[in-house]
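What follows is the content of data-v1.cif, which has mmCIF, C-alpha atoms:
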```cif
data_query
#
loop_
_atom_site.label_atom_id
_atom_site.label_comp_id
_atom_site.auth_asym_id
_atom_site.auth_seq_id
_atom_site.Cartn_x
_atom_site.Cartn_y
_atom_site.Cartn_z
CA MET P 31 -6.60 -28.30 0.40
CA LYS P 32 -7.04 -25.76 -2.35
CA LEU P 33 -5.87 -22.19 -1.80
CA LYS P 34 -6.66 -19.14 -3.88
CA LEU P 35 -4.20 -16.26 -4.01
CA SER P 36 -4.46 -12.71 -5.27
CA LEU P 37 -1.37 -11.21 -6.85
CA PHE P 38 -0.35 -7.60 -7.26
CA GLY P 39 2.49 -5.53 -8.65
CA ILE P 40 5.62 -7.48 -9.48
CA THR P 41 4.27 -10.76 -8.08
CA LYS P 42 1.49 -10.59 -10.68
CA GLU P 43 4.16 -10.28 -13.39
CA ILE P 44 6.26 -13.12 -11.97
CA VAL P 45 3.31 -15.52 -11.79
CA GLY P 46 1.75 -14.19 -14.98
CA SER P 47 -1.75 -13.81 -13.57
CA SER P 48 -3.63 -11.79 -10.96
CA GLU P 49 -5.03 -14.95 -9.38
CA LEU P 50 -3.50 -18.30 -8.60
CA GLU P 51 -5.09 -21.50 -7.39
CA LEU P 52 -2.88 -24.14 -5.87
CA THR P 53 -3.06 -27.31 -3.86
CA ALA P 54 -1.35 -27.23 -0.49
CA PRO P 55 -0.98 -29.76 2.33
CA ASP P 56 -4.00 -29.73 4.69
CA THR P 57 -1.91 -28.07 7.35
CA GLN P 58 0.05 -25.38 5.56
CA SER P 59 1.58 -22.34 7.24
CA VAL P 60 2.31 -18.97 5.66
CA ALA P 61 6.04 -19.81 5.67
CA GLY P 62 5.30 -23.18 4.05
CA LEU P 63 3.19 -21.55 1.36
CA MET P 64 5.98 -19.06 0.57
CA GLU P 65 8.46 -21.92 0.25
CA GLN P 66 6.04 -23.77 -2.04
CA LEU P 67 5.69 -20.63 -4.19
CA ARG P 68 9.42 -19.88 -4.28
CA THR P 69 10.08 -23.40 -5.54
CA GLU P 70 7.49 -22.96 -8.29
CA TYR P 71 8.45 -19.35 -9.11
CA PRO P 72 12.18 -18.88 -8.26
CA LYS P 73 12.02 -15.21 -9.28
CA LEU P 74 10.09 -14.56 -6.05
CA ARG P 75 13.42 -15.14 -4.25
CA GLU P 76 14.84 -12.04 -5.94
CA LEU P 77 12.41 -9.67 -4.24
CA THR P 78 13.59 -7.50 -1.34
CA SER P 79 10.69 -8.95 0.65
CA CYS P 80 7.36 -10.65 0.14
CA ALA P 81 4.71 -10.72 2.86
CA VAL P 82 1.48 -12.68 2.92
CA ALA P 83 -1.83 -11.10 3.82
CA VAL P 84 -4.76 -13.16 5.06
CA ASN P 85 -8.18 -11.50 5.09
CA SER P 86 -6.62 -8.02 4.69
CA GLU P 87 -4.17 -8.42 7.62
CA TYR P 88 -0.45 -9.16 7.47
CA ALA P 89 -0.06 -12.81 8.51
CA ALA P 90 2.77 -14.24 10.63
CA ASP P 91 4.97 -17.04 9.23
CA GLU P 92 3.42 -19.64 11.54
CA TYR P 93 -0.21 -18.78 10.72
CA GLN P 94 -2.07 -21.93 9.58
CA LEU P 95 -3.98 -21.28 6.39
CA HIS P 96 -7.56 -22.37 5.76
CA GLU P 97 -9.28 -23.08 2.50
CA ARG P 98 -11.63 -20.10 2.78
CA ASP P 99 -8.92 -17.55 3.66
CA GLU P 100 -8.53 -14.62 1.33
CA ILE P 101 -4.80 -14.79 0.66
CA ALA P 102 -2.63 -12.20 -1.12
CA LEU P 103 1.06 -11.84 -1.77
CA ILE P 104 2.39 -8.45 -0.73
CA PRO P 105 5.65 -7.51 -2.46
CA PRO P 106 7.46 -4.40 -1.09
CA VAL P 107 4.87 -1.61 -0.98
CA SER P 108 5.64 1.74 -2.59
CA GLY P 109 2.64 4.00 -2.13
CA GLY P 110 2.78 7.67 -1.27
CA MET M 12 -12.22 10.27 9.49
CA LEU M 13 -12.00 10.36 5.71
CA ILE M 14 -10.25 7.35 4.17
CA GLU M 15 -10.39 7.01 0.41
CA LEU M 16 -8.74 5.27 -2.50
CA THR M 17 -9.67 6.71 -5.87
CA ASP M 18 -8.90 6.43 -9.57
CA GLN M 19 -10.06 10.03 -10.06
CA PRO M 20 -7.99 13.22 -9.53
CA ILE M 21 -7.81 14.07 -5.81
CA ASP M 22 -9.63 17.24 -4.75
CA VAL M 23 -6.89 18.66 -2.50
CA ALA M 24 -8.98 21.57 -1.18
CA ALA M 25 -11.90 19.30 -0.30
CA THR M 26 -9.58 16.85 1.49
CA ILE M 27 -8.08 19.64 3.59
CA ALA M 28 -11.53 21.12 4.24
CA ALA M 29 -12.64 17.71 5.54
CA VAL M 30 -10.43 18.07 8.64
CA GLU M 31 -11.43 21.59 9.61
CA ALA M 32 -12.80 21.65 13.17
CA GLU M 33 -13.75 24.39 15.58
CA GLY M 34 -11.40 23.02 18.22
CA ALA M 35 -8.46 22.93 15.84
CA GLY M 36 -5.98 25.78 15.73
CA ALA M 37 -3.80 23.87 13.29
CA VAL M 38 -4.38 22.04 10.05
CA ASN M 39 -1.43 20.25 8.53
CA ALA M 40 -1.44 18.65 5.10
CA PHE M 41 1.02 16.55 3.14
CA ILE M 42 0.55 16.48 -0.61
CA GLY M 43 2.53 13.84 -2.45
CA THR M 44 2.99 14.57 -6.16
CA VAL M 45 4.55 12.77 -9.11
CA ARG M 46 8.03 14.10 -9.84
CA ASN M 47 9.82 14.02 -13.17
CA GLN M 48 12.82 11.93 -12.15
CA SER M 49 13.87 9.00 -9.98
CA THR M 50 17.50 8.48 -8.93
CA GLY M 51 18.56 10.77 -11.75
CA ARG M 52 16.54 9.05 -14.51
CA PRO M 53 13.74 11.00 -16.19
CA VAL M 54 10.34 9.56 -15.29
CA VAL M 55 7.61 9.76 -17.92
CA ARG M 56 4.65 8.76 -15.70
CA LEU M 57 3.69 6.50 -12.81
CA HIS M 58 1.28 3.61 -12.48
CA TYR M 59 -0.22 2.88 -9.06
CA GLU M 60 -1.84 -0.44 -8.28
CA ALA M 61 -3.66 -1.21 -5.03
CA TYR M 62 -5.10 -4.18 -3.19
CA ASP M 63 -8.20 -2.10 -2.61
CA ALA M 64 -9.87 -3.77 0.36
CA MET M 65 -6.65 -4.26 2.30
CA ALA M 66 -5.30 -0.82 1.37
CA LEU M 67 -8.40 0.87 2.76
CA HIS M 68 -8.26 -1.30 5.88
CA GLN M 69 -4.56 -0.54 6.46
CA MET M 70 -5.03 3.20 5.78
CA ARG M 71 -7.76 3.21 8.44
CA LEU M 72 -5.53 1.28 10.89
CA VAL M 73 -2.73 3.85 10.42
CA ALA M 74 -5.16 6.71 11.05
CA GLU M 75 -6.42 4.92 14.18
CA GLN M 76 -2.84 4.43 15.39
CA ALA M 77 -2.25 8.16 14.96
CA GLN M 78 -5.45 8.85 16.90
CA GLU M 79 -4.16 6.66 19.76
CA LYS M 80 -0.72 8.29 19.76
CA TRP M 81 -2.13 11.81 19.63
CA PRO M 82 -5.56 11.75 21.31
CA MET M 83 -5.87 15.49 20.68
CA LEU M 84 -6.17 14.83 16.94
CA GLN M 85 -9.48 16.30 15.83
CA LYS M 86 -9.90 14.94 12.34
CA ILE M 87 -7.88 12.90 9.86
CA ALA M 88 -8.18 12.58 6.09
CA VAL M 89 -6.20 10.14 3.96
CA VAL M 90 -6.83 10.00 0.21
CA HIS M 91 -4.65 7.95 -2.14
CA ARG M 92 -4.82 7.83 -5.90
CA LYS M 93 -4.44 4.75 -8.07
CA GLY M 94 -4.14 4.23 -11.79
CA THR M 95 -1.90 6.11 -14.21
CA LEU M 96 -0.54 9.48 -13.06
CA GLU M 97 1.31 12.08 -15.08
CA ILE M 98 4.09 14.37 -13.79
CA GLY M 99 2.68 16.88 -11.29
CA HIS M 100 -0.42 14.87 -10.49
CA VAL M 101 -1.32 14.44 -6.83
CA ALA M 102 -0.79 10.86 -5.63
CA VAL M 103 -1.70 11.22 -1.98
CA VAL M 104 -3.10 13.80 0.43
CA ILE M 105 -2.90 13.45 4.21
CA ALA M 106 -4.58 16.13 6.32
CA VAL M 107 -4.92 16.37 10.10
CA SER M 108 -6.22 18.95 12.52
CA THR M 109 -5.13 19.49 16.13
CA PRO M 110 -5.54 22.24 18.75
CA HIS M 111 -1.85 23.25 18.45
CA ARG M 112 0.62 23.04 15.59
CA ALA M 113 3.36 20.75 16.99
CA GLU M 114 1.22 17.58 17.09
CA SER M 115 -0.22 18.46 13.72
CA PHE M 116 3.20 18.28 12.05
CA THR M 117 4.28 15.08 13.82
CA ALA M 118 0.98 13.25 13.35
CA CYS M 119 0.90 14.11 9.65
CA GLN M 120 4.47 12.85 9.20
CA PHE M 121 3.74 9.67 11.15
CA ILE M 122 0.76 8.91 8.94
CA ILE M 123 2.55 9.34 5.60
CA ASP M 124 5.69 7.51 6.82
CA THR M 125 3.63 4.57 8.11
CA ILE M 126 1.47 4.42 5.00
CA LYS M 127 4.59 4.08 2.88
CA LYS M 128 5.61 1.05 4.96
CA VAL M 129 2.37 -0.90 5.35
CA VAL M 130 -0.34 0.04 2.87
CA PRO M 131 -0.52 -2.38 -0.09
CA ILE M 132 -0.15 0.12 -2.92
CA TRP M 133 2.53 -0.37 -5.56
CA LYS M 134 4.15 2.15 -7.82
CA LYS M 135 5.61 1.39 -11.20
CA GLU M 136 7.88 4.04 -12.68
CA GLU M 137 7.75 4.41 -16.42
CA PHE M 138 10.95 5.66 -18.07
CA GLU M 139 11.64 6.41 -21.74
CA ASP M 140 13.16 2.93 -22.06
CA GLY M 141 11.24 0.70 -19.66
CA GLN M 142 9.27 0.25 -16.47
CA VAL M 143 10.30 -0.66 -12.92
CA TRP M 144 8.26 -1.65 -9.84
CA VAL M 145 9.62 0.60 -7.10
CA ALA M 146 11.42 -1.11 -4.17
CA ALA M 147 10.84 -4.62 -5.54
CA HIS M 148 14.50 -5.46 -6.08
CA PRO M 149 17.62 -4.71 -4.00
#
```

What does this structure look like when you write it as structure tokens?
Amino acid sequence: MKLKLSLFGITKEIVGSSELELTAPDTQSVAGLMEQLRTEYPKLRELTSCAVAVNSEYAADEYQLHERDEIALIPPVSGG
Amino acid sequence: MLIELTDQPIDVAATIAAVEAEGAGAVNAFIGTVRNQSTGRPVVRLHYEAYDAMALHQMRLVAEQAQEKWPMLQKIAVVHRKGTLEIGHVAVVIAVSTPHRAESFTACQFIIDTIKKVVPIWKKEEFEDGQVWVAAHP
């Protein structure tokens, strides 16, 4: 399946774009997606953390992604 | 409940006024401003980036959590700035109103502390000689 990701902050710099389209196995979990991304972009491993948000909610590692999900990488937040 | 993310200067007085309530004997506000240094290095300015839809959603969830923890909370306002901010600019304003002062202080602190943990807003510090995304690296 095809997944579309939004990127912010340092993840946008690492990937070099604010959006990323990639092909993932038909059953892909959040943890699996992160592993796929870390293989492609090893610099993601250097972050203190990197969460995944699906449809504006933090998603658990085992969450199974769907093609229409709005997915975003969430590097360590630093608002306030 | 006033929840806002803006690229315009925050009207601090209006944000505080938004939580005034007849049943409230206490209004507590936290005003986060841009300071001129970070871990001893002079900061020139800050750049805030947000995942707008999720940031607003998470800001609202934090305010709702506060409302559940302190049911006596009368009103809550959370306004966060994004974009480029100079030294002294206001980055965030949290205001709450409660019947008595004790809950007002604790609820306000809970909201800002939780926002800093969960709301997808990122800060990039600009120094004389470079830029760093805050908290990204160990």

Please identify all polymer residues within 10 Å of P:Asp99, counting only C-alpha atoms, omitting same-chain residues fewer than 6 positions from it, and present them as an mmCIF file with C-alpha atoms, in the coordinates of the input.
```cif
data_model
loop_
_atom_site.group_PDB
_atom_site.id
_atom_site.type_symbol
_atom_site.label_atom_id
_atom_site.label_comp_id
_atom_site.auth_asym_id
_atom_site.auth_seq_id
_atom_site.Cartn_x
_atom_site.Cartn_y
_atom_site.Cartn_z
ATOM 1 C CA LEU P 33 -5.870 -22.190 -1.800
ATOM 2 C CA LYS P 34 -6.660 -19.140 -3.880
ATOM 3 C CA LEU P 35 -4.200 -16.260 -4.010
ATOM 4 C CA ALA P 83 -1.830 -11.100 3.820
ATOM 5 C CA VAL P 84 -4.760 -13.160 5.060
ATOM 6 C CA ASN P 85 -8.180 -11.500 5.090
ATOM 7 C CA SER P 86 -6.620 -8.020 4.690
#
```

- Task: For the structure provided, state which residues fall under the PyMOL selection byres ((chain M) within 9 of (chain P)), and present them as a VMD selection string.
- Result: chain M and resid 43 to 44 59 to 62 64 to 66 68 to 69 91 to 92 102 to 104 123 to 124 126 to 135 143 to 149

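Excluding P:Asp91 itself and same-chain residues fewer than 4 positions from it, the residues having an atom within 12 Å of it are Gln58, Ser59, Val60, Ala61, Gly62, Leu63, Met64, Glu65, Cys80, Ala81, Val82, Ala83, Val84 and Leu95 of chain P, counting all atoms listed in the file.
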
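Going from atom CA of P:Glu51 to atom CA of P:Glu70 covers 12.7 Å.
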
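The coordinates place atom CA of M:Gln76 at 18.9 Å from atom CA of M:Arg112.
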
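Distances to M:Arg52 were evaluated for M:Val38, M:Cys119, M:Phe138, M:Asp18 using only C-alpha atoms, and the minimum falls at M:Phe138.
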
- Task: Enumerate, as a list in words, the protein, DNA and RNA residues whose atoms approach (-4.1, -26.9, -5.3) to within 8 Å, taking into account all atoms listed in the file and the coordinate frame of the file.
- Result: Met31, Lys32, Leu33, Glu51, Leu52, Thr53 and Ala54 of chain P

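What separates atom CA of M:Leu57 from atom CA of M:Gly141 is a distance of 11.7 Å.
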
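With only C-alpha atoms as the basis for measurement, M:Val89 is the residue among M:Val89, M:Ala40, M:Val45, M:Val23 that approaches M:Arg71 most closely.
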
Residues near M:Asn39, cut-off 6 Å, all atoms listed in the file, skip fewer than 2 positions along chain, as a PDB file with C-alpha atoms, keeping the file's coordinate frame:
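The resulting file, around_11.pdb, is shown below:
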```pdb
ATOM      1  CA  ALA M 106      -4.580  16.130   6.320  1.00  0.00           C
ATOM      2  CA  VAL M 107      -4.920  16.370  10.100  1.00  0.00           C
ATOM      3  CA  SER M 115      -0.220  18.460  13.720  1.00  0.00           C
TER       4      SER M 115
END
```

Name the residues that the PyMOL selection byres ((chain M and resi 19) around 9) pulls out of this structure, and write them as an mmCIF file with C-alpha atoms, in the frame of the given file.
```cif
data_model
loop_
_atom_site.group_PDB
_atom_site.id
_atom_site.type_symbol
_atom_site.label_atom_id
_atom_site.label_comp_id
_atom_site.auth_asym_id
_atom_site.auth_seq_id
_atom_site.Cartn_x
_atom_site.Cartn_y
_atom_site.Cartn_z
ATOM 1 C CA THR M 17 -9.670 6.710 -5.870
ATOM 2 C CA ASP M 18 -8.900 6.430 -9.570
ATOM 3 C CA PRO M 20 -7.990 13.220 -9.530
ATOM 4 C CA ILE M 21 -7.810 14.070 -5.810
ATOM 5 C CA ASP M 22 -9.630 17.240 -4.750
ATOM 6 C CA ARG M 92 -4.820 7.830 -5.900
ATOM 7 C CA LYS M 93 -4.440 4.750 -8.070
ATOM 8 C CA GLY M 94 -4.140 4.230 -11.790
#
```
